[in-house]
Each structure stands twice: as structure tokens, then as C-alpha cells.
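Dropping final.txt in here (compact mmCIF, C-alpha atoms):
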# COMPACT_ATOMS: atom_id res chain seq x y z
CA MET A 1 0.00 0.00 0.00
CA LYS A 2 2.80 2.44 0.87
CA LYS A 3 4.55 1.66 -2.43
CA ASN A 4 1.38 2.55 -4.35
CA ASN A 5 1.03 5.82 -2.44
CA LEU A 6 4.66 6.73 -3.13
CA PHE A 7 4.15 5.90 -6.79
CA LEU A 8 1.00 8.06 -6.98
CA ILE A 9 2.78 10.95 -5.25
CA LEU A 10 5.70 10.65 -7.68
CA ILE A 11 3.30 10.65 -10.66
CA PHE A 12 1.51 13.71 -9.25
CA ILE A 13 4.77 15.60 -8.73
CA LEU A 14 6.01 14.76 -12.24
CA SER A 15 2.68 15.73 -13.82
CA PHE A 16 2.57 18.98 -11.86
CA SER A 17 6.16 19.90 -12.84
CA PHE A 18 5.35 19.14 -16.49
CA PHE A 19 2.25 21.33 -16.26
CA ILE A 20 4.26 24.18 -14.71
CA SER A 21 6.99 24.02 -17.40
CA ALA A 22 4.41 23.84 -20.21
CA ALA A 23 2.58 26.83 -18.76
CA GLU A 24 5.83 28.80 -18.66
CA PHE A 25 5.43 29.75 -22.33
CA SER A 26 2.43 31.43 -23.89
CA LYS A 27 1.32 30.73 -27.46
CA GLU A 28 -0.28 34.18 -27.59
CA ASP A 29 2.96 35.88 -26.52
CA ALA A 30 4.90 33.87 -29.11
CA LYS A 31 2.41 34.72 -31.87
CA LYS A 32 2.54 38.41 -30.91
CA ILE A 33 6.29 38.56 -31.60
CA ASP A 34 5.96 36.37 -34.70
CA ARG A 35 3.32 38.72 -36.17
CA PHE A 36 5.56 41.71 -35.47
CA LEU A 37 8.58 40.05 -37.13
CA LYS A 38 6.54 39.19 -40.23
CA LYS A 39 5.35 42.80 -40.40
CA ALA A 40 8.90 44.16 -39.87
CA LYS A 41 10.19 41.89 -42.65
CA LYS A 42 7.69 43.40 -45.11
CA THR A 43 8.24 46.99 -43.98
CA LYS A 44 10.69 48.96 -46.09
CA SER A 45 11.74 51.81 -43.86
CA LYS A 46 12.40 54.97 -45.82
CA ASN A 47 12.60 56.94 -42.60
CA MET A 48 15.84 58.20 -41.30
CA PHE A 49 14.56 57.39 -37.79
CA LEU A 50 14.20 53.85 -36.56
CA ARG A 51 10.93 52.59 -35.16
CA LYS A 52 10.97 50.30 -32.16
CA VAL A 53 8.86 47.84 -30.24
CA THR A 54 9.57 46.41 -26.79
CA PHE A 55 8.72 42.93 -25.55
CA THR A 56 9.00 41.39 -22.10
CA GLU A 57 11.41 38.61 -21.21
CA LYS A 58 8.44 36.23 -20.85
CA GLU A 59 7.10 37.12 -24.31
CA PHE A 60 10.54 36.73 -25.88
CA ASN A 61 11.19 33.37 -24.20
CA SER A 62 7.79 32.17 -25.42
CA TYR A 63 8.66 33.16 -29.00
CA VAL A 64 12.11 31.58 -28.85
CA ASN A 65 10.83 28.27 -27.45
CA LEU A 66 7.55 27.87 -29.30
CA ILE A 67 8.43 29.30 -32.71
CA TYR A 68 12.09 30.23 -33.31
CA ILE A 69 13.82 26.98 -32.34
CA LYS A 70 11.28 24.91 -34.27
CA ARG A 71 11.98 26.93 -37.44
CA TYR A 72 15.67 27.66 -37.19
CA ALA A 73 17.32 25.49 -34.51
CA PRO A 74 15.62 22.10 -34.09
CA GLU A 75 18.64 20.84 -32.12
CA ALA A 76 17.63 23.15 -29.27
CA LYS A 77 15.02 21.63 -27.01
CA TYR A 78 14.71 24.44 -24.47
CA VAL A 79 16.04 27.97 -24.03
CA GLN A 80 15.65 30.24 -21.03
CA LEU A 81 17.00 33.76 -21.49
CA ASN A 82 17.43 36.21 -18.64
CA LEU A 83 17.53 39.74 -20.02
CA GLU A 84 19.61 42.07 -17.88
CA ARG A 85 20.81 45.67 -17.96
CA LYS A 86 23.08 47.16 -20.64
CA ASN A 87 22.65 44.39 -23.24
CA SER A 88 23.67 41.67 -20.78
CA VAL A 89 22.04 38.30 -21.13
CA SER A 90 22.36 34.98 -19.32
CA GLY A 91 20.51 31.78 -19.75
CA LYS A 92 20.22 28.04 -20.16
CA LEU A 93 20.09 26.01 -23.34
CA LYS A 94 19.31 22.32 -23.75
CA LEU A 95 20.65 20.75 -26.98
CA LYS A 96 20.03 17.28 -28.35
CA LEU A 97 22.27 16.46 -31.33
CA THR A 98 20.71 13.55 -33.20
CA GLY A 99 20.42 12.37 -36.76
CA LYS A 100 22.79 11.86 -39.65
CA ARG A 101 24.16 15.40 -39.46
CA TYR A 102 25.60 14.71 -36.01
CA SER A 103 26.66 11.10 -36.50
CA LYS A 104 30.36 11.94 -36.00
CA VAL A 105 29.78 13.84 -32.75
CA PRO A 106 30.92 11.78 -29.75
CA SER A 107 28.00 10.39 -27.76
CA PHE A 108 28.92 12.32 -24.59
CA LEU A 109 28.44 15.57 -26.54
CA LYS A 110 25.05 14.72 -28.05
CA ASP A 111 23.03 15.74 -24.99
CA ILE A 112 24.18 19.17 -23.82
CA ASP A 113 23.07 21.41 -20.97
CA LEU A 114 24.60 24.82 -21.50
CA GLN A 115 24.57 27.78 -19.12
CA PHE A 116 25.98 31.07 -20.33
CA SER A 117 26.25 34.77 -19.76
CA GLY A 118 27.58 37.57 -21.88
CA ILE A 119 26.94 40.83 -23.69
CA ILE A 120 24.94 41.25 -26.91
CA GLU A 121 26.67 43.46 -29.47
CA CYS A 122 24.72 44.80 -32.42
CA GLU A 123 25.79 46.79 -35.49
CA ASP A 124 25.14 46.96 -39.24
CA TYR A 125 22.10 44.62 -39.09
CA LYS A 126 24.21 41.96 -37.35
CA MET A 127 24.64 40.76 -33.79
CA ARG A 128 26.74 38.47 -31.68
CA LEU A 129 26.94 37.24 -28.12
CA VAL A 130 30.31 37.84 -26.49
CA PHE A 131 30.40 35.10 -23.87
CA SER A 132 31.83 35.92 -20.45
CA LYS A 133 30.87 32.62 -18.78
CA LEU A 134 30.14 29.21 -20.27
CA THR A 135 29.19 26.03 -18.42
CA ILE A 136 28.65 22.79 -20.34
CA ASN A 137 27.08 19.80 -18.57
CA GLY A 138 28.12 21.22 -15.20
CA SER A 139 31.74 22.02 -16.08
CA GLU A 140 32.82 25.65 -16.52
CA TYR A 141 35.02 26.53 -19.49
CA ASP A 142 36.83 29.68 -20.54
CA PRO A 143 34.93 30.82 -23.67
CA GLN A 144 38.17 31.90 -25.42
CA VAL A 145 39.82 28.50 -24.86
CA LEU A 146 36.70 26.68 -26.01
CA ASP A 147 36.59 28.83 -29.15
CA GLU A 148 40.23 27.94 -29.90
CA ALA A 149 39.40 24.23 -29.53
CA PHE A 150 36.42 24.71 -31.84
CA SER A 151 38.70 26.40 -34.38
CA ALA A 152 41.27 23.58 -34.17
CA TYR A 153 38.53 21.03 -34.85
CA GLN A 154 37.77 22.76 -38.18
CA VAL A 155 41.15 22.04 -39.82
CA LYS A 156 39.65 20.93 -43.12
CA GLN A 157 37.27 23.88 -43.39
CA LYS A 158 38.15 26.74 -45.74
CA VAL A 159 36.20 29.24 -43.67
CA LYS A 160 36.43 28.59 -39.94
CA LYS A 161 33.58 29.56 -37.66
CA SER A 162 33.83 31.03 -34.20
CA MET A 163 31.50 31.17 -31.22
CA PHE A 164 32.00 34.92 -31.39
CA ASP A 165 31.02 35.32 -35.07
CA TRP A 166 28.54 37.96 -36.12
CA PHE A 167 25.30 36.76 -37.65
CA LYS A 168 22.54 38.59 -39.46
CA LEU A 169 19.54 39.80 -37.57
CA LEU A 170 16.19 38.44 -38.68
CA PRO A 171 14.94 40.23 -41.83
CA GLY A 172 13.49 43.66 -41.11
CA LEU A 173 15.37 44.19 -37.86
CA ARG A 174 18.08 46.81 -37.66
CA ASN A 175 19.14 46.75 -34.03
CA ILE A 176 18.43 45.17 -30.64
CA GLN A 177 18.71 46.63 -27.16
CA ILE A 178 18.34 44.72 -23.91
CA THR A 179 17.36 46.17 -20.55
CA LYS A 180 16.18 44.50 -17.35
CA ARG A 181 13.58 41.89 -18.42
CA ARG A 182 12.92 43.70 -21.72
CA ILE A 183 14.12 43.48 -25.31
CA THR A 184 13.65 46.35 -27.75
CA LEU A 185 13.69 45.54 -31.46
CA TYR A 186 14.45 48.39 -33.88
CA TYR A 187 13.14 48.21 -37.44
Conversion result in C-alpha cells:
Amino acid sequence: MKKNNLFLILIFILSFSFFISAAEFSKEDAKKIDRFLKKAKKTKSKNMFLRKVTFTEKEFNSYVNLIYIKRYAPEAKYVQLNLERKNSVSGKLKLKLTGKRYSKVPSFLKDIDLQFSGIIECEDYKMRLVFSKLTINGSEYDPQVLDEAFSAYQVKQKVKKSMFDWFKLLPGLRNIQITKRRITLYY
């Protein structure tokens, strides 16, 4: 009888924690940002002044988890971003590297829990995250050393990639600014 009660309590706790994590993201918040990005993509700004829209951390995390990673980064299973002052960001990322594309990746690197912090830099319709702290599966690494190892791994590549590379903003966006629990998108 006690074993059954323990089992039922465990099931309840697991169900409740699943419900809490599922409720963490809002489809409406995600759709709100997605509608804005579609509109910004179509807008051809002839103004000399940028327009802007601000979203909350909760809205942005909803968009990233429910829409962005499904479209652009299916390897990511979960992202939690903490937006801080002066373009600082920290967060957690859960990656699952499966399929033919990742067949040569060692098995211990196929399931990754990443914690990070850094500063977002933005210019000329591009952005990058300059990491200041990086923890992978519980072990902390110097981001510069890890980037060097990543570079060494790419010996056969003509163009080597870096963790600190710039990448294009989503179409229509011109700049991003982060403040405490807010992200402002300029278009």
C-alpha cells in the first residue's frame, strides 16, 4: 500500500512539474512577436529614424521556445533567457544532437546542458553574443579556450567559424537593445 502511495505521489509531482513548465510559455505571446517580425520583414523603412517595439522577457522566451527553435534550430530543445541591464544576457540552453548530421559527434556531446552569460553586441544589421561565462554539462570553461578548440577542430574547413562570429539579424530588424527583463527591437 505504501509503495502505491509513493508511486502516486511521484506521478503527481512529475505531472505537476510538467504542467508548470508547459505553462511557462504562452502561445499568444509567441504569436505576438511572430506577427511583429513578419510585419517588420515586409516593412521597407524609408525613414531616417528607426521605429521600435519592446517585448518582455516572458514574451521573448515564449517566442524563442515555441516558434524560433522549431523553425531555425531544431537541435535546441529548451532555451531560457534572462535579459539584464546594458545588453547583458544569461541563460540556459538544452541541446540534443541527433540524426545523420551529427553522427560523427561523440555520444557524450550529443546531450548538452549549457549555461551562459555575456553581452549582446549589435551593429550593421548583425549581432553576436560575447560570452563571459560558459558552463557545459556542469563544467565551466573559458569561452576563449573553447573557441580555440572549436577552431582547431575545423582544420579541413576553408572558412572557420567562431563562437563569437557575427550573424545577421532576422529580416526587417536593424538593431536590438536589452534592458532588465525587456528586449527592444528596432526596425
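Closest approach to Gln115 in chain A among A:Ile176, A:Ile136, A:Val89, A:Leu95: A:Ile136, based on all atoms listed in the file.
Between CA of Leu169 in chain A and CA of Lys86 in chain A lies a distance of 18.8 Å.
Straight-line separation from CA of Lys44 in chain A to CA of Glu28 in chain A: 26.1 Å.
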Contact residues around range 129-131 of chain A with only C-alpha atoms at 6 Å, ignoring same-chain residues under 2 positions, as a ChimeraX atom specification: /A:117-120,133,164
How big is the axis-aligned box, and where does its centre sit, when it encloses all atoms of range 114-130 of chain A listed in the file and has 4 Å added on every side, reported in Å to one decimal as JSON?
{"center_x": 26.2, "center_y": 35.9, "center_z": -29.2, "size_x": 16.2, "size_y": 30.1, "size_z": 28.1}
Distance of CA of Lys94 in chain A from CA of Lys77 in chain A, expressed in Å to one decimal place: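 Spanning CA of Lys77 in chain A to CA of Lys94 in chain A is a straight-line distance of 5.4 Å.
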Distance query 10 Å from (13.2, 35.4, -25.2) using all atoms listed in the file, result as a PyMOL selection string: chain A and resi 30+33+55-65+68+79-83+91+181-183
Nearest-residue call for Glu24 in chain A, choices A:Ser107, A:Lys180, A:Met48, A:Leu66, using only C-alpha atoms: A:Leu66
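With all atoms listed in the file as the atoms that count, the minimum distance from Leu93 in chain A to the choices A:Ala73, A:Ile67, A:Val145, A:Ile112 is reached by A:Ile112.
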Among the residues A:Glu140, A:Asp124, A:Glu148, A:Glu75, the one that comes closest to Leu97 in chain A [using all atoms listed in the file]: A:Glu75
Selected residue, from A:Asp165, A:Gln177, A:Pro171, A:Tyr102, that lies nearest to Ala40 in chain A when counting only C-alpha atoms: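 Distance minimum relative to Ala40 in chain A lands on A:Pro171.
Look at Gly172 in chain A: the protein and nucleic acid residues within 7 Å of it, using only C-alpha atoms and passing over chain neighbours fewer than 6 places away, are Ala40, Lys41, Thr43 and Tyr187 of chain A.
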Within-10 Å shell of (7.4, 50.6, -32.7) in input frame, all atoms listed in the file, as a ChimeraX atom specification: /A:36,40,50-54,184-187
Filtering to C-alpha atoms, could you give me those residues as a PDB file, in the frame of the given file?
ATOM      1  CA  PHE A  36       5.560  41.710 -35.470  1.00  0.00           C
ATOM      2  CA  ALA A  40       8.900  44.160 -39.870  1.00  0.00           C
ATOM      3  CA  LEU A  50      14.200  53.850 -36.560  1.00  0.00           C
ATOM      4  CA  ARG A  51      10.930  52.590 -35.160  1.00  0.00           C
ATOM      5  CA  LYS A  52      10.970  50.300 -32.160  1.00  0.00           C
ATOM      6  CA  VAL A  53       8.860  47.840 -30.240  1.00  0.00           C
ATOM      7  CA  THR A  54       9.570  46.410 -26.790  1.00  0.00           C
ATOM      8  CA  THR A 184      13.650  46.350 -27.750  1.00  0.00           C
ATOM      9  CA  LEU A 185      13.690  45.540 -31.460  1.00  0.00           C
ATOM     10  CA  TYR A 186      14.450  48.390 -33.880  1.00  0.00           C
ATOM     11  CA  TYR A 187      13.140  48.210 -37.440  1.00  0.00           C
TER      12      TYR A 187
END
